[in-house]
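Peer 1: Structure below; questions to follow.
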Amino acid sequence: MICSQRSDGLGTRILSAVYAQLLSRHIDVPLRVFWTPLGWPDPPHSPVLMHPRYVLELFASLHLFKDATKGPYADIVIHEEPVTTGLFSVFHNKDELFDLSESEVAQIARMGNGINYDFPIPLFQFMAETTDLKAKVAHVAAQINWNPTILEALAALDRRSPLSHCISVHVRRGDILDMLLHSNLDILADGLMIQILQRFMPLRGYFHAVDQHRSGSIIVCTEDQSVVAQFRGRYGTERIVSCSDLPLSENQRAAMDLLLLSRSQRIIAPVVSFFSQCAASIGNVRLENTAWHLEETTDEIRQLLEETGCDRTKPVIAIMYSAAYLIALRNHLGSAERFKTLGLDLDPETFHRVTANS
């Protein structure tokens with residue numbers, strides 16, 4: 001058996017399962033998709049998002065794919081916690097497995113409880129060398145058995161503004177603010193803040209990228225309605241396409257954003273965005289990661305934190321400046337000394353703790 005199990009967001013779950021299905025076809029071993037809660041073992045920022053009890057908000061049945069001629073396939077198996085017993089991780093063993101032949105992989109997949117295809121990339125050489133791999137990934141992704149509510153909403157937006165003619169932006173705000181306000185400070189200091197700064201791009205950076213496209217509609221994918229409002233205020237309501245006003249669940253909005261990005265002409269994303277990368281892969285769409293806007297990013301995050309009035313604002317900002325120093329130093333951005341000064345002035349102990357291994 002080939003299994004696909006991830007405990008993170010929708011994009012990496014879907015793309016990992018798409019690659020798992022490509023492998024399933026290669027070696028003629030069936031696929032099963034384990035659907036587990038978000039963020040295991042860490043508490044999720046949302047008790048609803050990706051939770052197994054809401055999986056039918058996303059899919060029309062407990063099958064991930066549906067073929068026009070053969071019907072539904074790839075069983076979705078829901079679990080309240082990850083399945084680990086006897087499940088062999090391909091990703092964690094990729095170095096010794098990458099060069100295996102199709103027949104050798106098939107033999108492993110038929111042993112015990114099978115293998116877990118647990119990363120959204122080709123994990124075997126014969127997959128990586130597949131002719132027209134990008135097109136085949138998009139073809140399999142087009143067979144995902146989405147809930148009719150999602151497909152109907154997507155079709156309605158496409159009728160209003162043909163999605164393939166739009167550029168799209170992916171703007172993360174709400175979940176990032178939640179992490180800043182609620183994540184353990186030691187976890188923030190130990191790398192999470194760097195990930196946040198990679199994924200948070202200031203609106204001015206998006207506007208600069210969008211301004212290069214003088215006409216046409218703009219798909220805005222975000223969980224923050226105030227972001228959509230700012231895009232409408234700048235570019236006009238008639239140019240903005242968003243699912244923010246549609247009567248969808250939290251899970252369905254995540255799926256809609258993934259699909260909207262994947263159906264656009266090109267995606268404008270932060271420096272690092274796995275969600276956008278997955279959307280680009282399943283749609284075979286051009287992805288444009290923006291340049292660093294680290295000073296504007298830290299200014300915007302500081303403003304958001306100060307507006308909350310949260311008691312932990314000062315230590316979080318101190319961690320942020322320390323992480324920004326590391327990013328600027330490693331990427332030769334020229335602003336490292338500024339962030340070092342800000343971090344030391346605010347909390348020298350935190351600065352030295354965060355940057356100790358730099």
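Letters A, B, ... mark the chains of the structure tokens in the order given; residue numbers begin at 1 per chain; ligand numbers begin at 1, in order shown.
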Excluding same-chain residues fewer than 4 positions from range 94-103 of chain A, what lies within 10 Å of it counting only C-alpha atoms, as a PDB file with C-alpha atoms, in the first residue's frame?
Peer 2:
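So the final result, stored in around-v8.pdb, reads:
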```pdb
ATOM      1  CA  LEU A  23       3.845   6.823  -7.825  1.00  0.00           C
ATOM      2  CA  HIS A  26       4.050   4.000 -11.811  1.00  0.00           C
ATOM      3  CA  ILE A  27       4.186   0.838  -9.715  1.00  0.00           C
ATOM      4  CA  ASP A  28       0.533  -0.282  -9.766  1.00  0.00           C
ATOM      5  CA  SER A  89       8.477   7.345   5.672  1.00  0.00           C
ATOM      6  CA  VAL A  90       9.853   7.877   2.190  1.00  0.00           C
ATOM      7  CA  GLN A 107       8.215  -4.471  -3.344  1.00  0.00           C
ATOM      8  CA  ILE A 108       8.687  -2.140  -0.360  1.00  0.00           C
ATOM      9  CA  ALA A 109       5.180  -0.708  -0.816  1.00  0.00           C
ATOM     10  CA  PRO A 122       9.413  13.598  -6.551  1.00  0.00           C
ATOM     11  CA  LEU A 123      11.088  11.325  -3.994  1.00  0.00           C
ATOM     12  CA  PHE A 124      12.438   8.753  -6.464  1.00  0.00           C
ATOM     13  CA  GLN A 125      14.739   9.257  -9.426  1.00  0.00           C
ATOM     14  CA  PHE A 126      12.423   7.489 -11.894  1.00  0.00           C
ATOM     15  CA  MET A 127       9.677   9.964 -10.885  1.00  0.00           C
ATOM     16  CA  ALA A 128      11.932  13.007 -11.167  1.00  0.00           C
TER      17      ALA A 128
END
```
Peer 1: Excluding Pro202 in chain A and any residue of its chain fewer than 2 positions from it, enumerate the residues within 7 Å of it, using only C-alpha atoms, and give them as a compact mmCIF listing (two decimals) with N, CA and C atoms, in the first residue's frame.
Peer 2:
```txt
# COMPACT_ATOMS: atom_id res chain seq x y z
N PHE A 200 5.76 36.64 5.60
CA PHE A 200 4.98 37.88 5.75
C PHE A 200 5.58 38.95 4.84
N ARG A 204 2.86 46.96 0.74
CA ARG A 204 3.53 47.80 -0.25
C ARG A 204 4.33 46.94 -1.24
N GLY A 205 4.89 45.83 -0.75
CA GLY A 205 5.61 44.93 -1.64
C GLY A 205 4.69 44.28 -2.67
N TYR A 206 3.49 43.87 -2.22
CA TYR A 206 2.52 43.33 -3.16
C TYR A 206 2.08 44.39 -4.16
N GLU A 296 10.27 47.04 5.94
CA GLU A 296 8.84 47.30 5.92
C GLU A 296 8.06 46.18 6.61
N THR A 297 8.55 44.95 6.46
CA THR A 297 7.91 43.80 7.11
C THR A 297 7.93 43.96 8.62
N GLU A 300 5.61 46.76 9.77
CA GLU A 300 4.19 46.41 9.71
C GLU A 300 3.82 45.43 10.82
```
Peer 1: Can you pull out the residues contacting Arg312 in chain A? Cut-off 10 Å, using only C-alpha atoms, and skip same-chain residues under 5 positions away; I want them as a PyMOL selection string.
Peer 2: chain A and resi 180-182+185+305-306+317
Peer 1: Which parts of range 87-130 of chain A does DSSP call alpha helix (DSSP H) when run on the backbone here, written out as a ChimeraX atom specification?
Peer 2: /A:94-97,102-109,125-128
Peer 1: Assign secondary structure with DSSP using the backbone only, and return the residues of range 21-213 of chain A in strand (DSSP E) as a list in words.
Peer 2: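 Checking each residue of range 21-213 of chain A, the strand (DSSP E) ones are Leu31, Arg32, Val33, Phe34, Trp35, His63, Leu64, Phe65, Lys66, Asp67, Gly71, Pro72, Tyr73, Ala74, Asp75, Ile76, Val77, Ile78, Phe88, Ser89, Ile115, Asn116, Ile167, Ser168, Val169 and His170 of chain A.
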Peer 1: So that I can see what lies close to Lys66 in chain A, please list as a PyMOL selection string the residues with an atom at most 12 Å from it, counting only C-alpha atoms and leaving out residues fewer than 2 positions away in the same chain.
Peer 2: chain A and resi 21+59-64+68-75+139-147
Peer 1: If you keep N, CA and C atoms, can you produce a file of those selected residues as a JSON list (two decimals), in the first residue's frame?
Peer 2:
```json
[["chain", "number", "residue", "atom", "x", "y", "z"],
["A", 21, "GLN", "N", 0.01, 9.66, -5.85],
["A", 21, "GLN", "CA", -0.83, 9.04, -6.88],
["A", 21, "GLN", "C", -0.02, 8.78, -8.16],
["A", 59, "PHE", "N", -14.17, 17.60, 0.26],
["A", 59, "PHE", "CA", -14.27, 16.61, -0.81],
["A", 59, "PHE", "C", -15.69, 16.06, -0.91],
["A", 60, "ALA", "N", -16.05, 15.63, -2.11],
["A", 60, "ALA", "CA", -17.41, 15.16, -2.36],
["A", 60, "ALA", "C", -17.68, 13.81, -1.71],
["A", 61, "SER", "N", -16.64, 13.06, -1.41],
["A", 61, "SER", "CA", -16.77, 11.77, -0.75],
["A", 61, "SER", "C", -15.43, 11.45, -0.10],
["A", 62, "LEU", "N", -15.35, 10.29, 0.54],
["A", 62, "LEU", "CA", -14.08, 9.89, 1.15],
["A", 62, "LEU", "C", -13.16, 9.24, 0.12],
["A", 63, "HIS", "N", -13.02, 9.92, -1.00],
["A", 63, "HIS", "CA", -12.07, 9.57, -2.05],
["A", 63, "HIS", "C", -11.42, 10.87, -2.52],
["A", 64, "LEU", "N", -10.10, 10.87, -2.59],
["A", 64, "LEU", "CA", -9.42, 12.12, -2.93],
["A", 64, "LEU", "C", -9.55, 12.47, -4.41],
["A", 68, "ALA", "N", -13.17, 10.60, -14.73],
["A", 68, "ALA", "CA", -14.40, 10.70, -15.51],
["A", 68, "ALA", "C", -14.90, 9.34, -15.97],
["A", 69, "THR", "N", -14.00, 8.39, -16.16],
["A", 69, "THR", "CA", -14.41, 7.08, -16.66],
["A", 69, "THR", "C", -14.41, 6.00, -15.58],
["A", 70, "LYS", "N", -13.44, 6.06, -14.67],
["A", 70, "LYS", "CA", -13.30, 5.00, -13.66],
["A", 70, "LYS", "C", -13.96, 5.34, -12.33],
["A", 71, "GLY", "N", -14.40, 6.59, -12.16],
["A", 71, "GLY", "CA", -15.06, 6.96, -10.92],
["A", 71, "GLY", "C", -14.08, 7.32, -9.82],
["A", 72, "PRO", "N", -14.53, 7.37, -8.55],
["A", 72, "PRO", "CA", -13.68, 7.80, -7.43],
["A", 72, "PRO", "C", -12.62, 6.77, -7.07],
["A", 73, "TYR", "N", -11.47, 7.26, -6.59],
["A", 73, "TYR", "CA", -10.40, 6.38, -6.15],
["A", 73, "TYR", "C", -9.53, 7.09, -5.12],
["A", 74, "ALA", "N", -8.58, 6.39, -4.54],
["A", 74, "ALA", "CA", -7.71, 6.88, -3.46],
["A", 74, "ALA", "C", -8.54, 7.16, -2.20],
["A", 75, "ASP", "N", -8.75, 6.12, -1.40],
["A", 75, "ASP", "CA", -9.56, 6.24, -0.18],
["A", 75, "ASP", "C", -8.95, 7.26, 0.77],
["A", 139, "HIS", "N", -2.34, 17.28, -14.28],
["A", 139, "HIS", "CA", -3.41, 16.39, -14.75],
["A", 139, "HIS", "C", -4.02, 15.60, -13.59],
["A", 140, "VAL", "N", -3.17, 15.06, -12.73],
["A", 140, "VAL", "CA", -3.68, 14.33, -11.57],
["A", 140, "VAL", "C", -4.42, 15.27, -10.64],
["A", 141, "ALA", "N", -3.88, 16.46, -10.41],
["A", 141, "ALA", "CA", -4.53, 17.43, -9.52],
["A", 141, "ALA", "C", -5.90, 17.84, -10.03],
["A", 142, "ALA", "N", -6.06, 17.86, -11.35],
["A", 142, "ALA", "CA", -7.35, 18.23, -11.93],
["A", 142, "ALA", "C", -8.43, 17.19, -11.63],
["A", 143, "GLN", "N", -8.04, 16.00, -11.16],
["A", 143, "GLN", "CA", -9.00, 14.95, -10.84],
["A", 143, "GLN", "C", -9.38, 14.92, -9.35],
["A", 144, "ILE", "N", -8.92, 15.92, -8.58],
["A", 144, "ILE", "CA", -9.27, 15.95, -7.16],
["A", 144, "ILE", "C", -10.79, 16.07, -7.01],
["A", 145, "ASN", "N", -11.33, 15.31, -6.11],
["A", 145, "ASN", "CA", -12.76, 15.15, -5.93],
["A", 145, "ASN", "C", -13.32, 16.24, -5.00],
["A", 146, "TRP", "N", -13.20, 17.51, -5.41],
["A", 146, "TRP", "CA", -13.60, 18.62, -4.55],
["A", 146, "TRP", "C", -15.11, 18.62, -4.29],
["A", 147, "ASN", "N", -15.48, 19.13, -3.15],
["A", 147, "ASN", "CA", -16.89, 19.31, -2.80],
["A", 147, "ASN", "C", -17.57, 20.19, -3.85]]
```
Peer 1: Quick one: residues within 12 Å of Arg232 in chain A, only C-alpha atoms counted, chain neighbours fewer than 4 positions away excluded, as a list in words?
Peer 2: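 After dropping sequence-adjacent residues, the list is Phe207, Ser217, Ile218, Ile219, Val220, Gln225, Ser226, Val227, Val228, Gly236, Thr237, Glu238, Arg239, Ile240, Val241 and Ser242 of chain A.
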Peer 1: What is the distance, in Å and to one decimal place, between CA of Ser249 in chain A and CA of His51 in chain A?
Peer 2: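 These atoms are spaced 12.4 Å apart.
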Peer 1: Pick out the closest residue to Ile194 in chain A from this set: A:Tyr325, A:Thr36, A:Glu307, A:Arg338. Count only C-alpha atoms.
Peer 2: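 Selected residue with least distance to Ile194 in chain A: A:Tyr325.
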Peer 1: Select, from A:Val33, A:Leu133, A:Ile78, A:Leu342, the residue with the minimum atom-to-atom distance to Leu56 in chain A, counting only C-alpha atoms.
Peer 2: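 Using only C-alpha atoms, the shortest distance to Leu56 in chain A belongs to A:Ile78.
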Peer 1: Report as an MDAnalysis selection string all protein, DNA and RNA residues lying within 9 Å of range 281-291 of chain A, evaluated on only C-alpha atoms, omitting residues in the same chain fewer than 3 positions from it.
Peer 2: chainID A and resid 14:15 18 134:135 137:142 201 205:206 209 259 261:273 276:278
Peer 1: Could you list, as a PyMOL selection string, every residue within 12 Å of Lys314 in chain A, counting only C-alpha atoms and ignoring same-chain residues fewer than 4 positions away?
Peer 2: chain A and resi 180-181+185+302-303+305-306+308-310+318-321+342-343+345-347+350
